[in-house]
Structure formats: structure tokens, C-alpha cells
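Everything below belongs to protein_28.pdb, which stores PDB, C-alpha atoms and all ligand atoms.
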```pdb
MODEL        1
ATOM      1  CA  MET A   1     263.153 136.323 249.608
ATOM      2  CA  LYS A   2     261.307 137.588 252.695
ATOM      3  CA  PRO A   3     263.762 138.261 255.552
ATOM      4  CA  SER A   4     263.472 135.927 258.549
ATOM      5  CA  SER A   5     262.466 137.461 261.866
ATOM      6  CA  GLU A   6     266.076 137.068 262.992
ATOM      7  CA  GLU A   7     267.273 139.072 259.991
ATOM      8  CA  GLU A   8     264.706 141.749 260.856
ATOM      9  CA  GLU A   9     265.933 141.685 264.435
ATOM     10  CA  GLU A  10     269.497 142.177 263.190
ATOM     11  CA  GLU A  11     268.314 145.132 261.090
ATOM     12  CA  ALA A  12     266.533 146.611 264.116
ATOM     13  CA  VAL A  13     269.613 146.499 266.323
ATOM     14  CA  ARG A  14     271.731 147.967 263.531
ATOM     15  CA  GLY A  15     270.535 151.534 264.019
ATOM     16  CA  VAL A  16     273.183 154.135 263.348
ATOM     17  CA  GLY A  17     276.431 153.973 265.278
ATOM     18  CA  PRO A  18     279.714 155.853 264.986
ATOM     19  CA  TRP A  19     281.576 152.931 263.417
ATOM     20  CA  ASP A  20     278.867 151.650 261.067
ATOM     21  CA  GLU A  21     280.715 152.549 257.895
ATOM     22  CA  CYS A  22     283.864 150.867 259.196
ATOM     23  CA  PHE A  23     281.852 147.756 260.010
ATOM     24  CA  GLU A  24     280.246 147.642 256.552
ATOM     25  CA  VAL A  25     283.628 148.029 254.850
ATOM     26  CA  ALA A  26     285.100 145.272 257.049
ATOM     27  CA  VAL A  27     282.256 142.946 256.001
ATOM     28  CA  GLN A  28     282.818 143.694 252.295
ATOM     29  CA  LEU A  29     286.572 143.142 252.617
ATOM     30  CA  ALA A  30     286.164 139.890 254.554
ATOM     31  CA  LEU A  31     283.857 138.611 251.795
ATOM     32  CA  ARG A  32     286.289 139.691 249.062
ATOM     33  CA  ALA A  33     289.194 138.095 250.906
ATOM     34  CA  GLY A  34     287.135 134.904 251.230
ATOM     35  CA  GLN A  35     286.794 134.669 247.444
ATOM     36  CA  ILE A  36     290.559 134.935 247.004
ATOM     37  CA  ILE A  37     291.241 132.314 249.684
ATOM     38  CA  ARG A  38     288.635 129.877 248.330
ATOM     39  CA  LYS A  39     290.177 130.052 244.878
ATOM     40  CA  ALA A  40     293.739 129.704 246.209
ATOM     41  CA  LEU A  41     292.842 126.757 248.483
ATOM     42  CA  THR A  42     293.103 124.177 245.702
ATOM     43  CA  GLU A  43     296.040 125.795 243.876
ATOM     44  CA  GLU A  44     299.791 125.241 244.321
ATOM     45  CA  LYS A  45     301.185 127.336 247.201
ATOM     46  CA  GLN A  46     304.507 128.837 248.175
ATOM     47  CA  VAL A  47     304.868 127.984 251.848
ATOM     48  CA  SER A  48     307.392 129.512 254.261
ATOM     49  CA  THR A  49     307.846 129.178 258.002
ATOM     50  CA  LYS A  50     307.912 131.899 260.681
ATOM     51  CA  THR A  51     308.518 131.267 264.395
ATOM     52  CA  SER A  52     308.594 127.455 264.090
ATOM     53  CA  ALA A  53     308.293 124.662 261.553
ATOM     54  CA  ALA A  54     304.565 124.555 262.316
ATOM     55  CA  ASP A  55     304.019 128.321 261.938
ATOM     56  CA  LEU A  56     303.288 128.694 258.229
ATOM     57  CA  VAL A  57     302.715 131.559 255.829
ATOM     58  CA  THR A  58     301.887 131.608 252.098
ATOM     59  CA  GLU A  59     301.796 134.229 249.372
ATOM     60  CA  THR A  60     298.006 134.306 249.814
ATOM     61  CA  ASP A  61     298.342 135.422 253.465
ATOM     62  CA  HIS A  62     300.406 138.389 252.195
ATOM     63  CA  ARG A  63     298.120 139.119 249.260
ATOM     64  CA  VAL A  64     294.980 139.146 251.405
ATOM     65  CA  GLU A  65     296.586 141.238 254.144
ATOM     66  CA  ASP A  66     297.847 143.785 251.580
ATOM     67  CA  LEU A  67     294.389 144.000 250.025
ATOM     68  CA  ILE A  68     292.618 144.540 253.346
ATOM     69  CA  VAL A  69     295.097 147.085 254.714
ATOM     70  CA  SER A  70     295.386 149.081 251.462
ATOM     71  CA  GLU A  71     291.605 149.255 251.037
ATOM     72  CA  LEU A  72     291.129 150.339 254.656
ATOM     73  CA  ARG A  73     293.791 153.048 254.251
ATOM     74  CA  LYS A  74     291.983 154.311 251.136
ATOM     75  CA  ARG A  75     288.549 154.305 252.762
ATOM     76  CA  PHE A  76     289.665 155.705 256.137
ATOM     77  CA  PRO A  77     292.710 157.924 255.520
ATOM     78  CA  SER A  78     292.648 159.234 259.088
ATOM     79  CA  HIS A  79     293.154 155.699 260.483
ATOM     80  CA  SER A  80     296.829 155.010 260.890
ATOM     81  CA  ARG A  81     296.869 152.069 263.277
ATOM     82  CA  PHE A  82     296.952 148.570 261.832
ATOM     83  CA  ILE A  83     297.957 145.401 263.643
ATOM     84  CA  ALA A  84     298.178 142.738 260.962
ATOM     85  CA  GLU A  85     299.662 139.259 261.329
ATOM     86  CA  GLU A  86     302.145 139.247 258.454
ATOM     87  CA  ALA A  87     303.320 142.848 258.928
ATOM     88  CA  THR A  88     303.974 141.991 262.578
ATOM     89  CA  ALA A  89     305.929 138.889 261.511
ATOM     90  CA  SER A  90     308.089 141.238 259.400
ATOM     91  CA  GLY A  91     308.856 143.403 262.421
ATOM     92  CA  ALA A  92     305.970 145.926 262.655
ATOM     93  CA  LYS A  93     305.175 146.831 266.268
ATOM     94  CA  CYS A  94     302.029 145.450 267.785
ATOM     95  CA  VAL A  95     300.707 148.192 270.049
ATOM     96  CA  LEU A  96     297.133 149.027 270.966
ATOM     97  CA  THR A  97     296.755 152.783 271.499
ATOM     98  CA  HIS A  98     293.632 154.923 271.972
ATOM     99  CA  SER A  99     293.438 155.613 268.226
ATOM    100  CA  PRO A 100     291.100 153.607 266.007
ATOM    101  CA  THR A 101     292.988 150.355 265.374
ATOM    102  CA  TRP A 102     292.300 147.591 262.859
ATOM    103  CA  ILE A 103     293.439 144.113 263.965
ATOM    104  CA  ILE A 104     293.706 141.710 261.041
ATOM    105  CA  ASP A 105     294.404 138.025 260.469
ATOM    106  CA  PRO A 106     294.335 137.549 256.682
ATOM    107  CA  ILE A 107     294.168 133.743 256.883
ATOM    108  CA  ASP A 108     293.499 132.118 260.196
ATOM    109  CA  GLY A 109     294.210 128.432 259.852
ATOM    110  CA  THR A 110     297.128 128.820 257.442
ATOM    111  CA  CYS A 111     298.267 125.248 258.158
ATOM    112  CA  ASN A 112     294.754 124.041 257.234
ATOM    113  CA  PHE A 113     294.890 126.231 254.118
ATOM    114  CA  VAL A 114     298.226 124.684 253.091
ATOM    115  CA  HIS A 115     296.788 121.184 253.478
ATOM    116  CA  ARG A 116     293.451 122.086 251.842
ATOM    117  CA  PHE A 117     291.715 121.267 255.124
ATOM    118  CA  PRO A 118     288.658 123.464 254.754
ATOM    119  CA  THR A 119     288.600 125.242 258.109
ATOM    120  CA  VAL A 120     289.977 128.629 257.187
ATOM    121  CA  ALA A 121     288.900 132.159 258.039
ATOM    122  CA  VAL A 122     289.602 135.868 257.618
ATOM    123  CA  SER A 123     289.372 137.903 260.797
ATOM    124  CA  ILE A 124     288.996 141.678 261.094
ATOM    125  CA  GLY A 125     288.641 143.343 264.485
ATOM    126  CA  PHE A 126     288.366 147.041 265.288
ATOM    127  CA  ALA A 127     289.185 148.805 268.553
ATOM    128  CA  VAL A 128     288.893 152.414 269.694
ATOM    129  CA  HIS A 129     290.278 153.668 273.024
ATOM    130  CA  GLN A 130     291.531 150.106 273.516
ATOM    131  CA  GLU A 131     287.935 148.877 273.530
ATOM    132  CA  LEU A 132     286.886 146.293 270.938
ATOM    133  CA  GLU A 133     284.037 147.776 268.883
ATOM    134  CA  PHE A 134     283.322 145.070 266.334
ATOM    135  CA  GLY A 135     284.574 141.832 264.868
ATOM    136  CA  VAL A 136     284.014 140.211 261.485
ATOM    137  CA  ILE A 137     285.110 136.618 260.808
ATOM    138  CA  HIS A 138     284.480 134.956 257.473
ATOM    139  CA  HIS A 139     284.589 131.146 257.386
ATOM    140  CA  CYS A 140     285.564 131.207 253.725
ATOM    141  CA  THR A 141     284.951 127.616 252.713
ATOM    142  CA  GLU A 142     281.510 127.391 254.302
ATOM    143  CA  GLU A 143     280.582 130.966 253.427
ATOM    144  CA  ARG A 144     279.599 131.759 256.965
ATOM    145  CA  LEU A 145     279.973 135.345 258.060
ATOM    146  CA  TYR A 146     280.220 135.845 261.833
ATOM    147  CA  THR A 147     279.831 139.397 263.124
ATOM    148  CA  GLY A 148     279.623 141.060 266.512
ATOM    149  CA  ARG A 149     279.227 144.723 267.399
ATOM    150  CA  ARG A 150     279.575 146.049 270.906
ATOM    151  CA  GLY A 151     276.108 146.334 272.435
ATOM    152  CA  ARG A 152     274.376 145.163 269.249
ATOM    153  CA  GLY A 153     274.565 141.378 269.303
ATOM    154  CA  ALA A 154     276.410 138.692 267.409
ATOM    155  CA  PHE A 155     275.213 136.998 264.244
ATOM    156  CA  CYS A 156     276.141 134.334 261.728
ATOM    157  CA  ASN A 157     274.621 134.908 258.284
ATOM    158  CA  GLY A 158     271.849 136.907 259.918
ATOM    159  CA  GLN A 159     271.072 134.383 262.684
ATOM    160  CA  ARG A 160     271.583 135.646 266.215
ATOM    161  CA  LEU A 161     274.280 133.742 268.134
ATOM    162  CA  GLN A 162     273.875 132.485 271.688
ATOM    163  CA  VAL A 163     276.510 130.693 273.755
ATOM    164  CA  SER A 164     275.878 127.486 275.706
ATOM    165  CA  ARG A 165     274.742 127.909 279.346
ATOM    166  CA  GLU A 166     276.635 124.808 280.551
ATOM    167  CA  THR A 167     278.394 125.165 283.919
ATOM    168  CA  ASP A 168     279.488 121.550 284.511
ATOM    169  CA  LEU A 169     282.904 120.598 283.117
ATOM    170  CA  ALA A 170     281.847 116.950 283.142
ATOM    171  CA  LYS A 171     279.244 117.816 280.482
ATOM    172  CA  ALA A 172     281.441 120.100 278.397
ATOM    173  CA  LEU A 173     282.813 119.966 274.899
ATOM    174  CA  VAL A 174     286.061 121.919 275.024
ATOM    175  CA  LEU A 175     288.046 123.384 272.132
ATOM    176  CA  THR A 176     291.716 124.278 272.071
ATOM    177  CA  GLU A 177     294.582 124.835 269.625
ATOM    178  CA  ILE A 178     298.133 123.519 269.839
ATOM    179  CA  GLY A 179     300.000 126.788 269.244
ATOM    180  CA  PRO A 180     303.249 127.071 267.268
ATOM    181  CA  LYS A 181     305.844 125.874 269.868
ATOM    182  CA  ARG A 182     306.677 122.195 269.587
ATOM    183  CA  ASP A 183     309.645 121.746 271.974
ATOM    184  CA  PRO A 184     309.323 118.800 274.392
ATOM    185  CA  ASP A 185     308.596 120.927 277.502
ATOM    186  CA  THR A 186     305.831 122.885 275.777
ATOM    187  CA  LEU A 187     304.255 119.748 274.353
ATOM    188  CA  LYS A 188     304.353 118.091 277.769
ATOM    189  CA  VAL A 189     302.360 120.927 279.339
ATOM    190  CA  PHE A 190     300.011 121.143 276.344
ATOM    191  CA  LEU A 191     299.200 117.419 276.605
ATOM    192  CA  SER A 192     298.985 117.529 280.380
ATOM    193  CA  ASN A 193     296.413 120.361 280.165
ATOM    194  CA  MET A 194     294.326 118.264 277.812
ATOM    195  CA  GLU A 195     294.719 115.260 280.112
ATOM    196  CA  ARG A 196     293.544 117.293 283.132
ATOM    197  CA  LEU A 197     290.323 118.208 281.318
ATOM    198  CA  LEU A 198     289.761 114.613 280.239
ATOM    199  CA  HIS A 199     290.375 113.442 283.840
ATOM    200  CA  ALA A 200     287.739 115.984 284.883
ATOM    201  CA  LYS A 201     285.474 114.026 282.502
ATOM    202  CA  ALA A 202     284.929 116.682 279.849
ATOM    203  CA  HIS A 203     282.922 115.070 277.020
ATOM    204  CA  GLY A 204     285.701 115.830 274.561
ATOM    205  CA  VAL A 205     288.567 118.126 273.597
ATOM    206  CA  ARG A 206     288.769 119.208 269.931
ATOM    207  CA  VAL A 207     291.520 120.864 267.878
ATOM    208  CA  ILE A 208     290.302 122.224 264.510
ATOM    209  CA  GLY A 209     293.341 124.265 263.390
ATOM    210  CA  SER A 210     291.803 127.728 263.487
ATOM    211  CA  SER A 211     291.518 129.681 266.722
ATOM    212  CA  THR A 212     289.083 132.208 265.277
ATOM    213  CA  LEU A 213     286.682 129.561 264.009
ATOM    214  CA  ALA A 214     286.920 127.552 267.223
ATOM    215  CA  LEU A 215     285.948 130.759 269.038
ATOM    216  CA  CYS A 216     283.056 131.254 266.586
ATOM    217  CA  TYR A 217     281.845 127.720 267.337
ATOM    218  CA  LEU A 218     281.906 128.647 271.002
ATOM    219  CA  ALA A 219     279.889 131.798 270.246
ATOM    220  CA  SER A 220     277.375 129.630 268.375
ATOM    221  CA  GLY A 221     276.845 127.319 271.363
ATOM    222  CA  ALA A 222     278.437 124.382 269.500
ATOM    223  CA  ALA A 223     281.056 124.046 272.252
ATOM    224  CA  ASP A 224     281.134 125.056 275.912
ATOM    225  CA  ALA A 225     284.680 126.351 276.374
ATOM    226  CA  TYR A 226     287.900 127.283 274.622
ATOM    227  CA  TYR A 227     291.404 127.789 275.916
ATOM    228  CA  GLN A 228     294.763 128.375 274.326
ATOM    229  CA  PHE A 229     298.334 129.450 274.947
ATOM    230  CA  GLY A 230     300.191 130.846 271.928
ATOM    231  CA  LEU A 231     297.490 132.634 270.005
ATOM    232  CA  HIS A 232     297.814 136.317 269.078
ATOM    233  CA  CYS A 233     295.772 139.477 269.301
ATOM    234  CA  TRP A 234     294.712 139.062 265.643
ATOM    235  CA  ASP A 235     293.328 135.596 266.477
ATOM    236  CA  LEU A 236     291.403 136.997 269.414
ATOM    237  CA  ALA A 237     290.220 140.535 268.669
ATOM    238  CA  ALA A 238     287.242 139.957 266.362
ATOM    239  CA  ALA A 239     286.230 136.717 268.079
ATOM    240  CA  THR A 240     286.178 138.363 271.512
ATOM    241  CA  VAL A 241     283.452 140.817 270.459
ATOM    242  CA  ILE A 242     281.460 138.020 268.838
ATOM    243  CA  ILE A 243     281.621 135.828 271.967
ATOM    244  CA  ARG A 244     280.805 138.656 274.364
ATOM    245  CA  GLU A 245     277.854 139.720 272.211
ATOM    246  CA  ALA A 246     276.654 136.106 272.126
ATOM    247  CA  GLY A 247     276.570 136.216 275.947
ATOM    248  CA  GLY A 248     279.912 134.556 276.629
ATOM    249  CA  ILE A 249     282.952 135.245 278.773
ATOM    250  CA  VAL A 250     286.517 135.851 277.572
ATOM    251  CA  ILE A 251     289.192 135.964 280.286
ATOM    252  CA  ASP A 252     292.878 135.419 280.923
ATOM    253  CA  THR A 253     294.082 131.895 281.729
ATOM    254  CA  SER A 254     294.932 133.178 285.245
ATOM    255  CA  GLY A 255     291.200 133.752 285.785
ATOM    256  CA  GLY A 256     291.638 137.547 285.607
ATOM    257  CA  PRO A 257     290.467 139.975 282.927
ATOM    258  CA  LEU A 258     291.401 139.367 279.293
ATOM    259  CA  ASP A 259     294.658 140.902 278.141
ATOM    260  CA  LEU A 260     294.549 140.966 274.341
ATOM    261  CA  MET A 261     298.333 141.054 274.087
ATOM    262  CA  SER A 262     299.095 138.189 276.497
ATOM    263  CA  CYS A 263     298.970 135.331 273.933
ATOM    264  CA  ARG A 264     296.604 133.278 276.119
ATOM    265  CA  VAL A 265     292.888 132.993 276.711
ATOM    266  CA  VAL A 266     289.997 131.118 278.233
ATOM    267  CA  ALA A 267     286.545 131.638 276.743
ATOM    268  CA  ALA A 268     283.295 129.979 277.770
ATOM    269  CA  GLY A 269     279.550 130.298 277.670
ATOM    270  CA  THR A 270     279.382 130.822 281.418
ATOM    271  CA  ARG A 271     281.599 132.439 284.057
ATOM    272  CA  GLU A 272     281.546 129.180 286.060
ATOM    273  CA  MET A 273     282.842 127.157 283.124
ATOM    274  CA  ALA A 274     285.556 129.719 282.347
ATOM    275  CA  ALA A 275     286.724 129.613 285.986
ATOM    276  CA  LEU A 276     286.842 125.788 286.010
ATOM    277  CA  ILE A 277     288.939 125.703 282.842
ATOM    278  CA  ALA A 278     291.300 128.429 284.100
ATOM    279  CA  GLN A 279     291.809 126.545 287.391
ATOM    280  CA  ALA A 280     292.696 123.338 285.553
ATOM    281  CA  LEU A 281     295.401 124.844 283.338
ATOM    282  CA  GLN A 282     299.157 125.003 283.704
ATOM    283  CA  THR A 283     300.691 128.028 281.976
ATOM    284  CA  ILE A 284     302.741 127.894 278.792
ATOM    285  CA  ASN A 285     304.696 131.120 278.401
ATOM    286  CA  TYR A 286     304.545 132.647 274.924
ATOM    287  CA  GLY A 287     305.542 136.175 275.948
ATOM    288  CA  ARG A 288     303.461 139.148 274.816
ATOM    289  CA  ASP A 289     302.520 140.437 271.380
ATOM    290  CA  ASP A 290     303.367 144.010 272.373
ATOM    291  CA  GLU A 291     306.872 143.061 273.531
ATOM    292  CA  LYS A 292     308.022 141.324 270.339
TER     293      LYS A 292
HETATM  294  C1  LIG A 301     297.023 130.123 264.085
HETATM  295  C2  LIG A 301     295.883 129.148 264.090
HETATM  296  C3  LIG A 301     296.255 127.960 264.936
HETATM  297  C4  LIG A 301     296.626 128.377 266.367
HETATM  298  C5  LIG A 301     297.702 129.439 266.347
HETATM  299  C6  LIG A 301     297.237 130.622 265.495
HETATM  300  P1  LIG A 301     297.355 131.380 261.755
HETATM  301  O1  LIG A 301     296.751 131.226 263.270
HETATM  302  O2  LIG A 301     294.705 129.737 264.557
HETATM  303  O3  LIG A 301     295.204 127.061 265.012
HETATM  304  O4  LIG A 301     297.118 127.265 267.070
HETATM  305  O5  LIG A 301     297.956 129.865 267.666
HETATM  306  O6  LIG A 301     298.216 131.628 265.534
HETATM  307  O7  LIG A 301     298.854 131.352 261.883
HETATM  308  O8  LIG A 301     296.853 130.222 260.993
HETATM  309  O9  LIG A 301     296.853 132.703 261.345
ENDMDL
END
```
Take the structure in the file and write it out as C-alpha cells.
Amino acid sequence: MKPSSEEEEEEAVRGVGPWDECFEVAVQLALRAGQIIRKALTEEKQVSTKTSAADLVTETDHRVEDLIVSELRKRFPSHSRFIAEEATASGAKCVLTHSPTWIIDPIDGTCNFVHRFPTVAVSIGFAVHQELEFGVIHHCTEERLYTGRRGRGAFCNGQRLQVSRETDLAKALVLTEIGPKRDPDTLKVFLSNMERLLHAKAHGVRVIGSSTLALCYLASGAADAYYQFGLHCWDLAAATVIIREAGGIVIDTSGGPLDLMSCRVVAAGTREMAALIAQALQTINYGRDDEK
């Protein structure tokens, strides 16, 4: 099949960069992980809980994480820094140093996965000197591969991604996720944040059960903004590169610069939209990933 002009464009911007081999390996592993997850989706699962009754993990999360981390260790023996969701849940420290660091969510949307709701992804981010270099997110059930490399654009299955240019909240489709805490005070603020955006006449607020894929929809221009309290650096790392490379903005809910470890985010196609969302929100405190 002749490549489309967008595929050729992707090839052209590929060039040769210092982390190309890492990127290619991440793509291969995300695709392999996707096959495992797709097969496991319809099978019986062993489900356990982590920080709350809504924070789920299965044997497939562990299997996929082990596969990705062990393969990366084999391919890049000098890389010793891994931040991976399930290892962190078992007590591994979550610290971003200057060394090359892989940031992995083996199954994003585990609750969806458990219920066979087909919005499930694998996310692999890579940072060096605390700067995000690339992100790879595989929407396993739809076989969509989202990628972003710093300075080299963002793509989904070879098509270049471009965020929405909307600046008016009253014309916006906004995405969010609930987060794992379900105590009455947290839920009150969560619902009140949603209510504030609906009072501001946003066209809609959607919750799809996977932060990484919601962020990929934002990068694709299928939504105008995203916000969340209670997500983690492995939900955010890969998606942040993809959104930035698609022309979007990723900031802290305070309106300041993004802090990958702060468990909160606002992302939007435009700076104006991001600022409007940040102004509307009341904070839910989830602590920090690097202090757990
Ligand atoms: C979670 C999902 C969920 C979001 C949580 C994430 P997981 O990731 O993206 O939609 O609300 O904050 O941690 O546990 O399925 O990898």
C-alpha cells in the first residue's frame, strides 16, 4: 500500500534522534502488550483492590508491567530508572531524577478492563533530565497507536494529531475522570467541579474511564479540555508529550506549570481554555506521587 502523505510526513520528521531506538522498542512493547490485554479482556480475571474499592488491579496488569520492564532492562541495561504503576503500588519509590526514566502504566482503564468496557490502553513515557522525550499510548481494543516525540509531532496510526483551537468554555466538550477516592467530601467537590463547568454552559462533560485515552482524545481535537485530580505520573507522562506535540497545553490545576508528580492536571487545546478550566476548579488533595 502506498503511504499517505501524512505517513510520509511522519517519516520525514523521524530523522535520527538520540532516543530513536528507545522509542521504537516502546512502540513494539506497547503493541505486544496490547495483544495480551485484548486476549485477556474477555477471559475470567482475578481482581484485587489497591487504595480504594474503586482502584482495581488484575493479574494482567502485573503480567504486562513485568513484560515491559523486563524487556526494557534487557534492551537498555544502562537504564535503571523505572516508574511503573504496579511496582509503585507495592512500595517502589516514584522519583524522577536526571537519569533516563521509563514511566509505565501497563493497563490504563483497569476498571474498564475488568468490566470488559473496551476503553483500555497501555502507556509508556520516557524522560531524560526530567524532560519528557516521548510518549506511546496504545488503545488496545481499537488498535490505535498514539505517539508523540519532543519536537517531532504527535501521530495516531500515522495521522498527524492537532488539538482543537476552541477558546470559549461555552462551546467546549470537556473530559474528566473521577479518581479513586469516593469519600463524601471528595465526591462533593468532584460533582461541584462538574456542576461549575455545566453552569458555565460547557457543551458536555464526559468520563470514559481512562485518563490516558481521554488525553489522547484531547490531542486528537475530539475534545477541548481535560482536567483531573487523582491521576498519577504514569497516567500523564506519555500523554503530556502527545498533547504538547499536537499543539496543546498541559498545566497544573492552579494555573501554573505542570508538575508531573502532583496528581492533578488541566490540559486543553488553547492556553485560554486551560486558564478558564483552572479558574473554575476547586482542589481535591491527593498528595504527591513522589511522597508516597
Ligand atoms: C486510572 C484510570 C481512571 C482514573 C484514575 C487512573 P488505572 O488508571 O485512568 O480513569 O480516574 O485516576 O489512575 O488505575 O486504570 O491505571
9 Å shell around ligand LIG 301 (chain A) using all atoms listed in the file, listed as a VMD selection string
chain A and resid 54 to 57 61 85 to 86 105 to 113 120 to 122 176 to 180 207 to 214 228 to 232 234 to 235 263
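Distances here use only C-alpha atoms; by that measure, the residue among A:Thr58, A:Lys188, A:Pro100, A:Ala26 closest to Ile137 in chain A is A:Ala26.
Across the model, the gap from CA of Gly221 in chain A to CA of Ala170 in chain A is 16.5 Å.
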The PyMOL selection byres (((chain A and resi 196-201) around 9) and not hetatm) resolved against shown file, as a PyMOL selection string:
chain A and resi 169-172+174+191-195+202-205+277+280-281
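Relative to CA of Ile124 in chain A, CA of Arg75 in chain A is found at 15.1 Å.
Going from CA of Arg73 in chain A to CA of Ala89 in chain A covers 20.0 Å.
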Compile the contact shell of Glu291 in chain A as a PyMOL selection string: residues with an atom at most 10 Å away, counting all atoms listed in the file, same-chain residues fewer than 5 positions apart removed.
chain A and resi 93-95+261-262
Keeping C-alpha atoms for every residue in the selection just given, could you write it to a file as a compact mmCIF listing (two decimals), in the frame of the given file?
```txt
# COMPACT_ATOMS: atom_id res chain seq x y z
CA LYS A 93 305.18 146.83 266.27
CA CYS A 94 302.03 145.45 267.79
CA VAL A 95 300.71 148.19 270.05
CA MET A 261 298.33 141.05 274.09
CA SER A 262 299.10 138.19 276.50
```
Quick one: what's the axis-aligned box for range 100-110 of chain A, all listed atoms, 4 Å on every side, centre and edges in Å to one decimal, as JSON?
```
{"center_x": 294.1, "center_y": 141.0, "center_z": 261.3, "size_x": 14.0, "size_y": 33.2, "size_z": 17.3}
```
Please enumerate the residues selected by the PyMOL selection byres (((chain A and resi 141) around 7) and not hetatm) when evaluated against the supplied file, formatted as a PyMOL selection string.
chain A and resi 38+118-120+139-140+142-143
Quick one: everything within 9 Å of Leu218 in chain A, counting all atoms listed in the file, minus sequence neighbours fewer than 5 positions away in the same chain. Send it as a VMD selection string.
chain A and resid 162 to 164 174 to 175 213 223 to 226 243 248 267 to 269
Determine, counting only C-alpha atoms, which protein, DNA and RNA residues have an atom within 9 Å of an atom of range 145-156 of chain A; residues of the same chain fewer than 2 positions away are not included. Present the result as a PyMOL selection string.
chain A and resi 10+13-14+23+27+30-31+132-140+142-143+158-162+216+219-220+238-247
Can you work out which one of A:Leu215, A:Gly256, A:His115, A:Thr88 has the shortest atom-to-atom distance to Asp289 in chain A, counting only C-alpha atoms?
A:Thr88
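Proximity ranking of A:Ala274, A:Asp259, A:Cys233, A:Leu173 relative to Phe126 in chain A places A:Cys233 first, based on only C-alpha atoms.
Candidate residues A:Thr270, A:Ser70, A:Gln130, A:Ser80 were compared for distance to Thr97 in chain A, and the nearest is A:Gln130, using all atoms listed in the file.
Selection by the PyMOL selection byres (((chain A and resi 44) around 12) and not hetatm) on the present file picks out Lys39, Ala40, Leu41, Thr42, Glu43, Lys45, Gln46, Val47, Thr58, Glu59, Thr60, Phe113, Val114, His115 and Arg116 of chain A.
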Nearest to Ser123 in chain A, chosen from A:Val16, A:Val266, A:Ala237, A:Cys22, with all atoms listed in the file counted in the distances
A:Ala237
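In this comparison, which uses all atoms listed in the file, the residue of A:Leu96, A:Leu29, A:Ile83, A:Leu236 approaching Val64 in chain A most closely is A:Leu29.
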Missing atoms in range 133-147 of chain A: fill them in up to N, CA, C and O atoms and send the result as a compact mmCIF listing (two decimals), in the coordinates of the input.
```txt
# COMPACT_ATOMS: atom_id res chain seq x y z
N GLU A 133 285.34 147.27 269.34
CA GLU A 133 284.04 147.78 268.88
C GLU A 133 283.28 146.76 268.04
O GLU A 133 282.08 146.61 268.16
N PHE A 134 284.00 146.11 267.13
CA PHE A 134 283.32 145.07 266.33
C PHE A 134 284.32 144.03 265.84
O PHE A 134 285.54 144.25 265.83
N GLY A 135 283.76 142.90 265.43
CA GLY A 135 284.57 141.83 264.87
C GLY A 135 283.84 141.19 263.71
O GLY A 135 282.60 141.03 263.75
N VAL A 136 284.58 140.86 262.66
CA VAL A 136 284.01 140.21 261.48
C VAL A 136 284.91 139.01 261.17
O VAL A 136 286.13 139.17 261.02
N ILE A 137 284.33 137.82 261.13
CA ILE A 137 285.11 136.62 260.81
C ILE A 137 284.38 135.88 259.69
O ILE A 137 283.19 135.56 259.82
N HIS A 138 285.10 135.63 258.61
CA HIS A 138 284.48 134.96 257.47
C HIS A 138 285.06 133.55 257.36
O HIS A 138 286.25 133.38 257.09
N HIS A 139 284.21 132.55 257.60
CA HIS A 139 284.59 131.15 257.39
C HIS A 139 284.46 130.93 255.89
O HIS A 139 283.38 130.64 255.37
N CYS A 140 285.60 131.07 255.20
CA CYS A 140 285.56 131.21 253.72
C CYS A 140 284.98 130.00 253.02
O CYS A 140 284.25 130.14 252.06
N THR A 141 285.35 128.79 253.48
CA THR A 141 284.95 127.62 252.71
C THR A 141 283.48 127.26 252.94
O THR A 141 282.86 126.64 252.11
N GLU A 142 282.93 127.67 254.06
CA GLU A 142 281.51 127.39 254.30
C GLU A 142 280.65 128.61 254.06
O GLU A 142 279.44 128.58 254.28
N GLU A 143 281.29 129.70 253.66
CA GLU A 143 280.58 130.97 253.43
C GLU A 143 279.69 131.35 254.61
O GLU A 143 278.50 131.62 254.46
N ARG A 144 280.31 131.27 255.77
CA ARG A 144 279.60 131.76 256.96
C ARG A 144 280.26 133.05 257.41
O ARG A 144 281.49 133.08 257.59
N LEU A 145 279.44 134.06 257.62
CA LEU A 145 279.97 135.34 258.06
C LEU A 145 279.53 135.59 259.51
O LEU A 145 278.33 135.73 259.78
N TYR A 146 280.50 135.59 260.41
CA TYR A 146 280.22 135.84 261.83
C TYR A 146 280.51 137.32 262.11
O TYR A 146 281.58 137.82 261.72
N THR A 147 279.59 137.99 262.79
CA THR A 147 279.83 139.40 263.12
C THR A 147 279.39 139.66 264.56
O THR A 147 278.47 139.02 265.07
```
